[in-house]
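Coordinates as given in query-v1.txt (compact mmCIF, C-alpha atoms):
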```txt
# COMPACT_ATOMS: atom_id res chain seq x y z
CA MET A 275 0.00 0.00 0.00
CA GLU A 276 2.99 2.30 0.59
CA PHE A 277 3.90 1.85 -3.06
CA ILE A 278 0.43 2.99 -4.17
CA LYS A 279 0.60 5.94 -1.79
CA SER A 280 4.01 7.03 -3.08
CA GLN A 281 2.83 6.78 -6.68
CA LEU A 282 -0.19 8.93 -5.93
CA GLU A 283 1.96 11.52 -4.15
CA GLU A 284 4.17 11.71 -7.24
CA TYR A 285 1.08 12.76 -9.20
CA GLY A 286 0.76 15.75 -6.87
CA MET A 287 -1.81 14.45 -4.39
CA GLY A 288 -1.65 15.46 -0.76
CA THR A 289 -0.53 13.02 1.85
CA ALA A 290 -3.99 12.59 3.44
CA THR A 291 -5.71 12.27 0.10
CA ALA A 292 -3.14 9.78 -1.16
CA MET A 293 -3.52 7.73 2.04
CA ASN A 294 -7.33 7.59 1.78
CA LEU A 295 -7.27 6.80 -1.93
CA SER A 296 -4.62 4.09 -1.50
CA ASN A 297 -6.76 2.52 1.23
CA ILE A 298 -9.78 2.51 -1.07
CA ILE A 299 -7.75 1.02 -3.93
CA MET A 300 -6.35 -1.69 -1.63
CA ILE A 301 -9.79 -2.53 -0.26
CA MET A 302 -11.15 -2.85 -3.79
CA PHE A 303 -8.15 -5.01 -4.75
CA VAL A 304 -8.66 -7.36 -1.78
CA ALA A 305 -12.41 -7.48 -2.43
CA GLY A 306 -11.83 -8.25 -6.11
CA LEU A 307 -9.31 -10.94 -5.18
CA CYS A 308 -11.80 -12.48 -2.75
CA ILE A 309 -14.55 -12.46 -5.37
CA LEU A 310 -12.21 -14.03 -7.93
CA ALA A 311 -11.04 -16.70 -5.49
CA ASN A 312 -14.60 -17.47 -4.46
CA TYR A 313 -15.63 -17.71 -8.14
CA ILE A 314 -12.75 -20.08 -8.93
CA ALA A 315 -13.51 -22.22 -5.88
CA LYS A 316 -17.24 -22.52 -6.60
CA THR A 317 -17.28 -22.52 -10.37
CA ILE A 318 -14.14 -24.40 -11.35
CA VAL A 319 -12.86 -26.40 -8.38
CA LEU A 320 -16.34 -27.38 -7.16
CA LYS A 321 -17.39 -28.47 -10.65
CA ILE A 322 -14.28 -30.64 -10.96
CA ILE A 323 -14.97 -32.25 -7.57
CA THR A 324 -18.63 -32.79 -8.51
CA HIS A 325 -17.64 -34.41 -11.82
CA ILE A 326 -15.22 -36.78 -10.05
CA ILE A 327 -17.81 -37.73 -7.41
CA MET A 328 -20.66 -38.31 -9.87
CA ASN A 329 -18.54 -40.54 -12.11
CA ASN A 330 -17.05 -42.93 -9.59
CA LYS A 331 -18.54 -46.16 -8.24
CA TYR A 332 -18.88 -45.02 -4.64
CA LYS A 333 -22.19 -43.76 -3.25
CA TRP A 334 -21.13 -42.31 0.09
CA ASP A 335 -19.36 -39.33 -1.51
CA ASN A 336 -22.61 -38.44 -3.33
CA ILE A 337 -24.23 -37.97 0.08
CA ILE A 338 -21.38 -35.65 1.12
CA LEU A 339 -21.99 -33.68 -2.07
CA GLU A 340 -25.73 -33.50 -1.39
CA ARG A 341 -25.03 -32.09 2.07
CA LYS A 342 -23.06 -29.26 0.36
CA VAL A 343 -19.92 -29.90 2.39
CA PHE A 344 -17.57 -28.69 -0.36
CA ARG A 345 -19.71 -25.64 -1.14
CA LYS A 346 -19.61 -24.59 2.51
CA LEU A 347 -15.88 -25.26 2.62
CA SER A 348 -15.34 -22.90 -0.32
CA HIS A 349 -16.49 -19.97 1.87
CA ILE A 350 -13.27 -20.24 3.82
CA VAL A 351 -11.11 -19.07 0.87
CA PRO A 352 -12.09 -15.35 0.98
CA ALA A 353 -11.63 -15.32 4.76
CA ILE A 354 -8.07 -16.68 4.44
CA ILE A 355 -7.23 -13.99 1.85
CA ILE A 356 -8.57 -11.24 4.12
CA TYR A 357 -6.63 -12.68 7.06
CA TYR A 358 -3.31 -12.60 5.21
CA PHE A 359 -3.94 -9.13 3.76
CA SER A 360 -4.79 -7.67 7.17
CA SER A 361 -1.19 -6.47 7.59
CA VAL A 362 -1.82 -4.02 4.75
CA PHE A 363 -4.07 -2.09 7.13
CA PRO A 364 -1.92 -1.78 10.26
CA THR A 365 -4.44 0.43 12.06
CA TYR A 366 -7.21 -2.19 11.79
CA GLN A 367 -5.00 -5.29 11.51
CA THR A 368 -6.04 -6.81 14.84
CA LEU A 369 -9.73 -6.19 14.23
CA ILE A 370 -9.58 -7.62 10.71
CA ARG A 371 -7.71 -10.73 11.83
CA GLU A 372 -10.15 -11.37 14.66
CA GLY A 373 -13.12 -10.96 12.32
CA ALA A 374 -11.57 -13.24 9.71
CA THR A 375 -10.67 -15.83 12.35
CA ILE A 376 -14.20 -15.83 13.76
CA TYR A 377 -15.62 -16.22 10.28
CA ILE A 378 -13.24 -19.13 9.58
CA ILE A 379 -14.32 -20.82 12.83
CA ILE A 380 -17.99 -20.42 11.89
CA VAL A 381 -17.33 -21.91 8.45
CA VAL A 382 -15.39 -24.83 9.97
CA ILE A 383 -18.28 -25.52 12.38
CA ALA A 384 -20.76 -25.42 9.48
CA VAL A 385 -18.58 -27.82 7.46
CA LEU A 386 -18.20 -30.24 10.39
CA ASN A 387 -21.95 -30.05 11.04
CA ALA A 388 -22.64 -30.93 7.39
CA LEU A 389 -20.10 -33.78 7.59
CA LEU A 390 -21.84 -35.20 10.66
CA ASN A 391 -25.18 -35.02 8.85
CA ALA A 392 -23.64 -36.75 5.84
CA PHE A 393 -22.18 -39.44 8.09
CA ASP A 394 -25.62 -40.03 9.60
CA ASP A 395 -27.15 -40.30 6.12
CA ILE A 396 -24.45 -42.77 5.05
CA TYR A 397 -25.02 -44.85 8.18
CA ARG A 398 -28.78 -44.85 7.56
CA SER A 399 -28.19 -46.51 4.18
CA PHE A 400 -27.13 -49.67 6.03
CA ALA A 401 -29.66 -52.08 7.56
CA VAL A 402 -27.90 -51.94 10.93
CA SER A 403 -29.03 -48.31 11.33
CA LYS A 404 -32.54 -49.47 12.26
CA ILE A 405 -31.14 -51.68 15.00
CA LYS A 406 -28.47 -49.30 16.28
CA PRO A 407 -29.39 -45.68 15.42
CA ILE A 408 -26.60 -43.15 16.03
CA LYS A 409 -28.47 -39.89 15.49
CA GLY A 410 -28.56 -39.24 19.25
CA TYR A 411 -24.78 -39.64 19.53
CA ILE A 412 -24.23 -37.35 16.55
CA GLN A 413 -26.36 -34.71 18.23
CA VAL A 414 -24.19 -34.99 21.35
CA VAL A 415 -21.07 -34.44 19.21
CA LYS A 416 -22.78 -31.41 17.65
CA ILE A 417 -23.53 -29.95 21.07
CA PHE A 418 -19.87 -30.24 22.07
CA LEU A 419 -18.83 -28.82 18.68
CA PHE A 420 -21.05 -25.75 19.04
CA ILE A 421 -20.00 -25.21 22.66
CA ALA A 422 -16.30 -25.45 21.76
CA GLY A 423 -16.81 -23.06 18.82
CA ALA A 424 -18.67 -20.58 21.02
CA ILE A 425 -15.91 -20.69 23.66
CA VAL A 426 -13.18 -20.08 21.07
CA ILE A 427 -15.12 -17.17 19.50
CA ILE A 428 -15.74 -15.58 22.92
CA SER A 429 -12.07 -15.99 23.85
CA ILE A 430 -11.06 -14.21 20.62
CA LEU A 431 -13.46 -11.33 21.28
CA ILE A 432 -12.33 -10.78 24.87
CA GLY A 433 -8.66 -11.57 24.15
CA GLN A 434 -8.39 -14.38 26.71
CA ASN A 435 -7.14 -17.95 26.58
CA PRO A 436 -9.99 -20.44 25.95
CA LEU A 437 -8.77 -22.51 28.92
CA ILE A 438 -9.58 -19.62 31.25
CA ILE A 439 -13.19 -19.64 30.02
CA LEU A 440 -13.37 -23.42 30.42
CA SER A 441 -12.15 -23.18 34.00
CA GLY A 442 -14.88 -20.65 34.70
CA LEU A 443 -17.53 -23.07 33.44
CA GLY A 444 -17.05 -25.17 36.57
CA ALA A 445 -18.96 -22.58 38.58
CA LEU A 446 -21.74 -22.73 35.99
CA SER A 447 -22.01 -26.52 36.00
CA ALA A 448 -25.29 -26.49 37.94
CA ILE A 449 -26.83 -24.07 35.45
CA LEU A 450 -25.50 -26.10 32.53
CA MET A 451 -26.94 -29.28 34.05
CA LEU A 452 -30.32 -27.57 34.24
CA ILE A 453 -30.12 -26.22 30.68
CA PHE A 454 -29.00 -29.53 29.18
CA LYS A 455 -31.07 -31.76 31.47
CA ASP A 456 -33.16 -33.20 28.65
CA SER A 457 -30.09 -33.77 26.48
CA ILE A 458 -28.26 -35.60 29.28
CA LEU A 459 -31.31 -37.73 30.08
CA GLY A 460 -31.78 -38.35 26.36
CA LEU A 461 -28.16 -39.43 25.97
CA VAL A 462 -28.45 -41.91 28.85
CA ALA A 463 -31.78 -43.18 27.51
CA GLY A 464 -30.32 -43.50 24.00
CA VAL A 465 -27.46 -45.66 25.28
CA GLN A 466 -29.87 -47.92 27.17
CA LEU A 467 -32.34 -48.16 24.29
CA SER A 468 -29.54 -49.02 21.87
CA SER A 469 -27.66 -51.46 24.10
CA ASN A 470 -30.85 -53.33 25.11
CA ASP A 471 -32.33 -53.14 21.60
CA MET A 472 -35.61 -51.83 23.05
CA VAL A 473 -36.78 -49.81 20.07
CA ARG A 474 -35.70 -49.35 16.47
CA VAL A 475 -36.73 -47.14 13.58
CA GLY A 476 -39.68 -48.87 11.91
CA ASP A 477 -40.98 -50.54 15.08
CA TRP A 478 -44.66 -50.35 15.89
CA ILE A 479 -44.93 -49.12 19.47
CA GLU A 480 -47.91 -48.33 21.66
CA MET A 481 -47.70 -45.85 24.55
CA PRO A 482 -51.16 -44.75 25.77
CA LYS A 483 -49.72 -42.16 28.17
CA TYR A 484 -48.55 -40.09 25.19
CA ASN A 485 -51.39 -41.18 22.84
CA ALA A 486 -48.79 -42.88 20.67
CA ASP A 487 -49.79 -45.87 18.56
CA GLY A 488 -47.85 -46.23 15.35
CA ASP A 489 -44.45 -46.63 13.69
CA VAL A 490 -41.20 -45.11 14.95
CA ILE A 491 -39.85 -42.88 12.17
CA ASP A 492 -36.97 -41.17 13.95
CA ILE A 493 -34.89 -41.50 17.12
CA THR A 494 -33.00 -38.39 18.22
CA LEU A 495 -31.14 -37.30 21.32
CA ASN A 496 -34.20 -35.82 23.05
CA THR A 497 -37.22 -37.35 21.32
CA VAL A 498 -38.58 -40.42 19.61
CA LYS A 499 -40.88 -39.51 16.72
CA VAL A 500 -43.88 -41.79 16.15
CA ARG A 501 -46.22 -41.62 13.16
CA ASN A 502 -49.60 -42.79 14.45
CA PHE A 503 -51.98 -44.79 12.27
CA ASP A 504 -54.21 -41.72 11.91
CA LYS A 505 -51.16 -40.01 10.30
CA THR A 506 -50.58 -37.69 13.26
CA ILE A 507 -47.09 -37.34 14.73
CA THR A 508 -46.35 -37.89 18.42
CA MET A 509 -43.09 -36.78 19.99
CA ILE A 510 -42.07 -38.88 23.00
CA PRO A 511 -39.12 -37.89 25.25
CA SER A 512 -36.38 -40.49 24.87
CA TYR A 513 -36.02 -40.98 28.61
CA ALA A 514 -39.80 -41.68 28.85
CA LEU A 515 -39.18 -45.00 27.07
CA ILE A 516 -36.92 -45.93 29.99
CA SER A 517 -38.93 -44.53 32.88
CA ASP A 518 -42.41 -45.51 31.59
CA SER A 519 -43.77 -48.69 30.06
CA PHE A 520 -44.60 -49.10 26.39
CA LYS A 521 -45.55 -51.96 24.08
CA ASN A 522 -43.33 -52.88 21.15
CA TRP A 523 -45.02 -55.01 18.47
CA ARG A 524 -41.73 -55.95 16.77
CA GLY A 525 -41.91 -59.51 18.14
CA MET A 526 -45.26 -60.00 16.46
CA GLN A 527 -43.98 -58.59 13.17
CA THR A 528 -40.80 -60.68 13.12
CA GLY A 529 -42.52 -63.80 14.48
CA GLY A 530 -44.82 -63.99 11.48
CA GLY A 531 -48.04 -64.44 13.46
CA ARG A 532 -50.59 -62.03 14.90
CA ARG A 533 -52.85 -63.12 17.72
CA ILE A 534 -56.61 -63.51 17.59
CA LYS A 535 -58.13 -63.49 21.06
CA ARG A 536 -61.88 -63.01 20.94
CA SER A 537 -64.85 -64.70 22.61
CA LEU A 538 -68.21 -65.86 21.34
CA TYR A 539 -70.91 -65.75 24.05
CA ILE A 540 -73.29 -68.72 24.03
CA ASP A 541 -76.72 -68.61 25.63
CA THR A 542 -76.46 -71.31 28.35
CA SER A 543 -80.15 -72.20 28.01
CA SER A 544 -79.42 -73.56 24.52
CA ILE A 545 -76.79 -76.06 25.77
CA HIS A 546 -78.01 -79.69 25.97
CA PHE A 547 -77.13 -83.30 25.20
CA CYS A 548 -77.04 -84.41 21.59
CA THR A 549 -79.88 -86.58 20.35
CA LYS A 550 -79.34 -89.50 17.98
CA GLU A 551 -80.75 -87.42 15.13
CA MET A 552 -78.28 -84.63 15.89
CA ILE A 553 -75.36 -87.07 15.99
CA ASP A 554 -76.36 -88.53 12.61
CA GLU A 555 -76.55 -85.00 11.20
CA PHE A 556 -73.15 -84.06 12.66
CA LYS A 557 -71.58 -87.09 10.95
CA ASN A 558 -72.40 -85.47 7.61
CA ILE A 559 -70.27 -82.44 8.48
CA HIS A 560 -66.93 -83.03 6.80
CA LEU A 561 -64.79 -81.60 9.62
CA LEU A 562 -66.61 -83.71 12.26
CA THR A 563 -67.05 -87.10 10.55
CA GLU A 564 -63.96 -88.71 12.04
CA TYR A 565 -64.39 -87.03 15.42
CA ILE A 566 -68.04 -88.07 15.84
CA SER A 567 -67.33 -91.67 14.82
CA THR A 568 -64.41 -91.94 17.22
CA ARG A 569 -66.20 -90.26 20.14
CA VAL A 570 -69.42 -92.29 19.70
CA SER A 571 -67.40 -95.52 19.71
CA GLU A 572 -65.51 -94.45 22.85
CA ILE A 573 -68.71 -93.43 24.66
CA GLU A 574 -70.56 -96.64 23.72
CA GLU A 575 -67.60 -98.74 24.81
CA TYR A 576 -67.31 -96.89 28.11
CA ASN A 577 -71.03 -97.10 28.91
CA SER A 578 -71.17 -100.77 27.95
CA LYS A 579 -68.07 -101.67 29.91
CA ASN A 580 -69.40 -99.95 33.02
CA ARG A 581 -72.98 -101.28 32.52
CA ILE A 582 -74.47 -97.82 32.61
CA ASP A 583 -78.20 -97.35 32.09
CA ILE A 584 -78.34 -94.93 29.18
CA SER A 585 -82.11 -94.63 29.20
CA ASN A 586 -81.45 -91.48 31.22
CA ASN A 587 -79.05 -89.06 29.61
CA VAL A 588 -77.70 -88.04 33.00
CA ASN A 589 -76.09 -91.44 33.37
CA GLY A 590 -72.77 -92.21 31.74
CA ARG A 591 -71.04 -90.19 29.09
CA GLN A 592 -72.89 -88.20 26.44
CA LEU A 593 -72.06 -85.79 23.65
CA THR A 594 -73.19 -82.17 24.12
CA ASN A 595 -73.91 -79.69 21.38
CA ILE A 596 -71.47 -77.18 22.90
CA GLY A 597 -68.69 -79.80 23.01
CA VAL A 598 -69.24 -80.80 19.38
CA PHE A 599 -69.40 -77.15 18.36
CA ARG A 600 -66.12 -76.42 20.17
CA GLU A 601 -64.45 -79.30 18.32
CA TYR A 602 -65.87 -78.07 15.02
CA VAL A 603 -64.43 -74.60 15.55
CA HIS A 604 -61.07 -76.14 16.47
CA GLN A 605 -61.00 -78.30 13.32
CA TYR A 606 -62.15 -75.33 11.23
CA LEU A 607 -59.20 -73.26 12.47
CA LYS A 608 -56.75 -76.14 11.92
CA LYS A 609 -57.83 -76.37 8.30
CA HIS A 610 -57.95 -72.59 7.75
CA PRO A 611 -55.20 -71.51 5.28
CA LYS A 612 -54.66 -68.15 7.02
CA ILE A 613 -54.11 -69.53 10.53
CA HIS A 614 -50.51 -70.13 11.68
CA GLN A 615 -50.47 -73.84 12.52
CA GLU A 616 -47.11 -73.77 14.33
CA MET A 617 -48.31 -71.31 16.95
CA THR A 618 -50.75 -71.72 19.82
CA LEU A 619 -54.26 -72.70 18.69
CA ILE A 620 -56.90 -73.11 21.40
CA VAL A 621 -60.69 -73.05 21.48
CA ARG A 622 -61.59 -72.89 25.16
CA GLN A 623 -64.42 -72.14 27.54
CA LEU A 624 -64.07 -69.29 30.01
CA ALA A 625 -66.01 -68.82 33.22
CA PRO A 626 -69.71 -68.23 32.49
CA GLY A 627 -71.21 -64.90 33.48
CA ASP A 628 -74.17 -62.62 32.97
CA ASN A 629 -73.61 -62.66 29.22
CA GLY A 630 -73.61 -66.43 28.90
CA LEU A 631 -70.77 -68.89 28.32
CA PRO A 632 -67.69 -67.34 26.63
CA LEU A 633 -66.15 -69.57 23.98
CA GLU A 634 -62.75 -68.01 23.31
CA ILE A 635 -60.78 -68.31 20.09
CA TYR A 636 -57.03 -68.09 20.76
CA ALA A 637 -55.02 -68.42 17.55
CA PHE A 638 -52.51 -66.62 15.32
CA THR A 639 -52.87 -65.51 11.74
CA ASN A 640 -49.95 -66.16 9.38
CA ASP A 641 -50.13 -62.62 8.00
CA THR A 642 -49.27 -59.70 10.31
CA ASN A 643 -50.51 -56.97 7.97
CA TRP A 644 -53.20 -55.03 9.82
CA THR A 645 -55.82 -54.96 7.07
CA VAL A 646 -55.31 -58.62 6.18
CA TYR A 647 -55.42 -59.60 9.86
CA GLU A 648 -58.73 -57.81 10.43
CA SER A 649 -60.18 -59.40 7.30
CA ILE A 650 -59.13 -62.91 8.41
CA GLN A 651 -60.56 -62.39 11.89
CA ALA A 652 -63.84 -61.06 10.52
CA ASP A 653 -64.19 -63.97 8.07
CA ILE A 654 -63.63 -66.51 10.85
CA PHE A 655 -66.24 -65.02 13.15
CA ASP A 656 -68.68 -64.50 10.27
CA HIS A 657 -68.58 -68.24 9.73
CA ILE A 658 -68.77 -69.14 13.43
CA PHE A 659 -71.80 -66.90 14.04
CA ALA A 660 -73.54 -68.32 10.98
CA VAL A 661 -72.86 -71.97 11.84
CA ALA A 662 -73.80 -71.85 15.56
CA PRO A 663 -77.56 -72.45 14.95
CA ALA A 664 -76.68 -75.69 13.11
CA PHE A 665 -75.59 -77.04 16.51
CA ASP A 666 -78.82 -75.84 18.12
CA LEU A 667 -76.94 -73.10 19.96
CA ARG A 668 -77.95 -69.49 20.41
CA VAL A 669 -75.49 -66.64 20.59
CA PHE A 670 -76.21 -64.49 23.62
CA GLN A 671 -77.31 -60.91 23.08
CA ASN A 672 -79.00 -58.47 25.44
CA PRO A 673 -82.55 -57.57 24.38
CA SER A 674 -82.62 -54.71 21.93
CA GLY A 675 -85.37 -52.23 21.17
CA HIS A 676 -86.43 -54.42 18.24
CA ASP A 677 -86.82 -57.46 20.53
CA ILE A 678 -88.96 -55.50 22.99
CA SER A 679 -91.19 -54.02 20.28
CA HIS A 680 -91.56 -57.47 18.66
CA PHE A 681 -92.60 -58.95 22.02
CA ILE A 682 -95.19 -56.21 22.53
CA GLU A 683 -96.58 -56.66 19.02
CA ARG A 684 -96.80 -60.42 19.45
CA ASN A 685 -98.73 -60.11 22.74
CA SER A 686 -101.02 -57.41 21.41
CA ALA A 687 -101.84 -59.61 18.41
CA LYS A 688 -103.49 -62.22 20.66
CA SER A 689 -107.30 -62.29 20.52
CA PRO A 690 -109.28 -60.85 23.49
CA ASP A 691 -110.83 -64.31 24.11
CA GLU A 692 -107.37 -65.87 24.53
CA SER A 693 -106.25 -63.19 26.97
CA SER A 694 -109.52 -63.44 29.01
CA GLN A 695 -109.72 -67.26 29.01
CA GLN A 696 -106.21 -67.84 30.20
CA PRO A 697 -106.77 -66.60 33.81
CA LEU A 698 -110.08 -68.64 33.98
CA LYS A 699 -108.18 -71.82 33.10
CA GLU A 700 -105.68 -71.10 35.79
CA GLU A 701 -108.49 -70.51 38.33
CA GLY A 702 -110.20 -73.70 37.28
CA ASN A 703 -106.99 -75.65 37.78
```
I'd like the structure from this file rewritten - as structure tokens, please.
Amino acid sequence: MEFIKSQLEEYGMGTATAMNLSNIIMIMFVAGLCILANYIAKTIVLKIITHIIMNNKYKWDNIILERKVFRKLSHIVPAIIIYYFSSVFPTYQTLIREGATIYIIIVVIAVLNALLNAFDDIYRSFAVSKIKPIKGYIQVVKIFLFIAGAIVIISILIGQNPLIILSGLGALSAILMLIFKDSILGLVAGVQLSSNDMVRVGDWIEMPKYNADGDVIDITLNTVKVRNFDKTITMIPSYALISDSFKNWRGMQTGGGRRIKRSLYIDTSSIHFCTKEMIDEFKNIHLLTEYISTRVSEIEEYNSKNRIDISNNVNGRQLTNIGVFREYVHQYLKKHPKIHQEMTLIVRQLAPGDNGLPLEIYAFTNDTNWTVYESIQADIFDHIFAVAPAFDLRVFQNPSGHDISHFIERNSAKSPDESSQQPLKEEGN
């Protein structure tokens, strides 16, 4: 700059004017150089790097390119030029260097942040990422990165060693613990969730306390994001999955079977022994032919061996319509193509109550898809409800308004003579 000043003074300019004009010329020169360097870095160098990345066989470097790591790195070039040209302006040299240094630190933090995001994206491309997500750990690294950057920037502004600021943070540890409480709890929870394999991205979890019932779509340091089946999003604190209980349906999904556990309520007044005509009719049912033949032979042999008087049905062993119906349902499920035959399959009676005798179906479908599962379950119970009357059984149902109105209509349809003669017959008896 002294050379420019001397040249201007030779042209007859005053010292002050030459100094100001030389400063302006030097500022324009540095600015032009920065613009040129930035243009070369972004237009030429970045295009060459992009061409190399797009034409090689690796995929991970494409992710780094998508995260604009190299574009953000190119911003550091003008700052370096300004830093090294700061000596040209001795009056403002310290201020210019500090500003350039702070800018370089900010650019470096932005580049490292983009690299961490790219690393997370690369890791997500592997199947292991759903089992061992690392997004929470990356967020912890980011927190330390931003804190370290902030400390260095503050130390530059106040002209102190960064270690002095770090030593002063000890007194603020309680405040920092309060500020970063959720992050610390989230980090601990993330380690436990990952080490115990409690939840993964893609798992179906159910947590009524937070109205969450859907698929996990993201696991971060502080929250677990769940997309519910009604397409709403629920954010659950990570540490809540450790402190509170939740249901993970992954075992059902990986096991290949989804449970059906539903009861059919039978009117107990319709339960009775089977007559010979009923037994002959049951033999014609394909699923019961072998069972009825075997059971009838066993019962006849038992009654004959023990010389039991079968003129009264109470004596000896007899078939009941509820027992035959239970066996039919069991055989129907065993032959059903959508029922998982290698998992538990039970048709059992539960304790009778006010609503009749519960006949519970406990089985597993071989398709865990929700819509298919509901369709299979509905088809099974459609058939069971329809076939129950064939066994002379009635499904229990509380009287409805239709039943009551039908009863009233039936009684009102009786002739007056019938209604008046009935009490006379009773009196005569």
I'd like the neighbourhood of stretch 529-534 of chain A as a short mmCIF file (atom, residue, chain, number, x, y, z; two decimals) with C-alpha atoms, in the coordinates of the input, where a residue qualifies if any of its atoms comes within 9 Å (using all atoms listed in the file), though same-chain residues fewer than 6 positions away should be ignored.
```
data_model
loop_
_atom_site.label_atom_id
_atom_site.label_comp_id
_atom_site.auth_asym_id
_atom_site.auth_seq_id
_atom_site.Cartn_x
_atom_site.Cartn_y
_atom_site.Cartn_z
CA ILE A 613 -54.11 -69.53 10.53
CA HIS A 614 -50.51 -70.13 11.68
CA MET A 617 -48.31 -71.31 16.95
CA ILE A 635 -60.78 -68.31 20.09
CA TYR A 636 -57.03 -68.09 20.76
CA ALA A 637 -55.02 -68.42 17.55
CA PHE A 638 -52.51 -66.62 15.32
CA THR A 639 -52.87 -65.51 11.74
CA ASN A 640 -49.95 -66.16 9.38
CA ASP A 641 -50.13 -62.62 8.00
CA THR A 642 -49.27 -59.70 10.31
CA ASN A 643 -50.51 -56.97 7.97
CA TYR A 647 -55.42 -59.60 9.86
CA GLN A 651 -60.56 -62.39 11.89
#
```
message: If we count all atoms listed in the file and set the cut-off at 10 Å, which residues sit around stretch 619-629 of chain A, ignoring sequence neighbours fewer than 4 positions away in its own chain? Please answer as a PyMOL selection string.
response: chain A and resi 533-535+537-542+596-597+600-605+607-608+613-615+633-638+669-672
For those residues, write C-alpha atoms to a file as an mmCIF file, keeping the file's coordinate frame.
```cif
data_model
loop_
_atom_site.group_PDB
_atom_site.id
_atom_site.type_symbol
_atom_site.label_atom_id
_atom_site.label_comp_id
_atom_site.auth_asym_id
_atom_site.auth_seq_id
_atom_site.Cartn_x
_atom_site.Cartn_y
_atom_site.Cartn_z
ATOM 1 C CA ARG A 533 -52.850 -63.120 17.720
ATOM 2 C CA ILE A 534 -56.610 -63.510 17.590
ATOM 3 C CA LYS A 535 -58.130 -63.490 21.060
ATOM 4 C CA SER A 537 -64.850 -64.700 22.610
ATOM 5 C CA LEU A 538 -68.210 -65.860 21.340
ATOM 6 C CA TYR A 539 -70.910 -65.750 24.050
ATOM 7 C CA ILE A 540 -73.290 -68.720 24.030
ATOM 8 C CA ASP A 541 -76.720 -68.610 25.630
ATOM 9 C CA THR A 542 -76.460 -71.310 28.350
ATOM 10 C CA ILE A 596 -71.470 -77.180 22.900
ATOM 11 C CA GLY A 597 -68.690 -79.800 23.010
ATOM 12 C CA ARG A 600 -66.120 -76.420 20.170
ATOM 13 C CA GLU A 601 -64.450 -79.300 18.320
ATOM 14 C CA TYR A 602 -65.870 -78.070 15.020
ATOM 15 C CA VAL A 603 -64.430 -74.600 15.550
ATOM 16 C CA HIS A 604 -61.070 -76.140 16.470
ATOM 17 C CA GLN A 605 -61.000 -78.300 13.320
ATOM 18 C CA LEU A 607 -59.200 -73.260 12.470
ATOM 19 C CA LYS A 608 -56.750 -76.140 11.920
ATOM 20 C CA ILE A 613 -54.110 -69.530 10.530
ATOM 21 C CA HIS A 614 -50.510 -70.130 11.680
ATOM 22 C CA GLN A 615 -50.470 -73.840 12.520
ATOM 23 C CA LEU A 633 -66.150 -69.570 23.980
ATOM 24 C CA GLU A 634 -62.750 -68.010 23.310
ATOM 25 C CA ILE A 635 -60.780 -68.310 20.090
ATOM 26 C CA TYR A 636 -57.030 -68.090 20.760
ATOM 27 C CA ALA A 637 -55.020 -68.420 17.550
ATOM 28 C CA PHE A 638 -52.510 -66.620 15.320
ATOM 29 C CA VAL A 669 -75.490 -66.640 20.590
ATOM 30 C CA PHE A 670 -76.210 -64.490 23.620
ATOM 31 C CA GLN A 671 -77.310 -60.910 23.080
ATOM 32 C CA ASN A 672 -79.000 -58.470 25.440
#
```
- prompt: Distance atom CA of A:Val402-atom CA of A:Met509, one decimal place?
  reply: 23.3 Å
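Here atom CA of A:Phe454 stands at a distance of 11.6 Å from atom CA of A:Phe418.
In this structure, atom CA of A:Lys409 sits 8.7 Å away from atom CA of A:Asp492.
Neighbours of A:Leu307 closer than or equal to 12 Å, with only C-alpha atoms counted and sequence neighbours fewer than 2 positions away skipped, come out as A:Met300, A:Ile301, A:Met302, A:Phe303, A:Val304, A:Ala305, A:Ile309, A:Leu310, A:Ala311, A:Asn312, A:Tyr313, A:Ile314, A:Val351, A:Pro352, A:Ala353, A:Ile354, A:Ile355, A:Ile356, A:Phe359.
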- prompt: Looking at only C-alpha atoms, which of A:Tyr411, A:Phe503, A:Phe520, A:Tyr484 is the one that sits closest to A:Leu461?
  reply: A:Tyr411
query: What would the list of residues within 8 Å of (-44.6, -43.6, 20.8) (file frame) look like as a ChimeraX atom specification, if all atoms listed in the file are what count?
result: /A:479-481,484-490,498-500,508-510,520
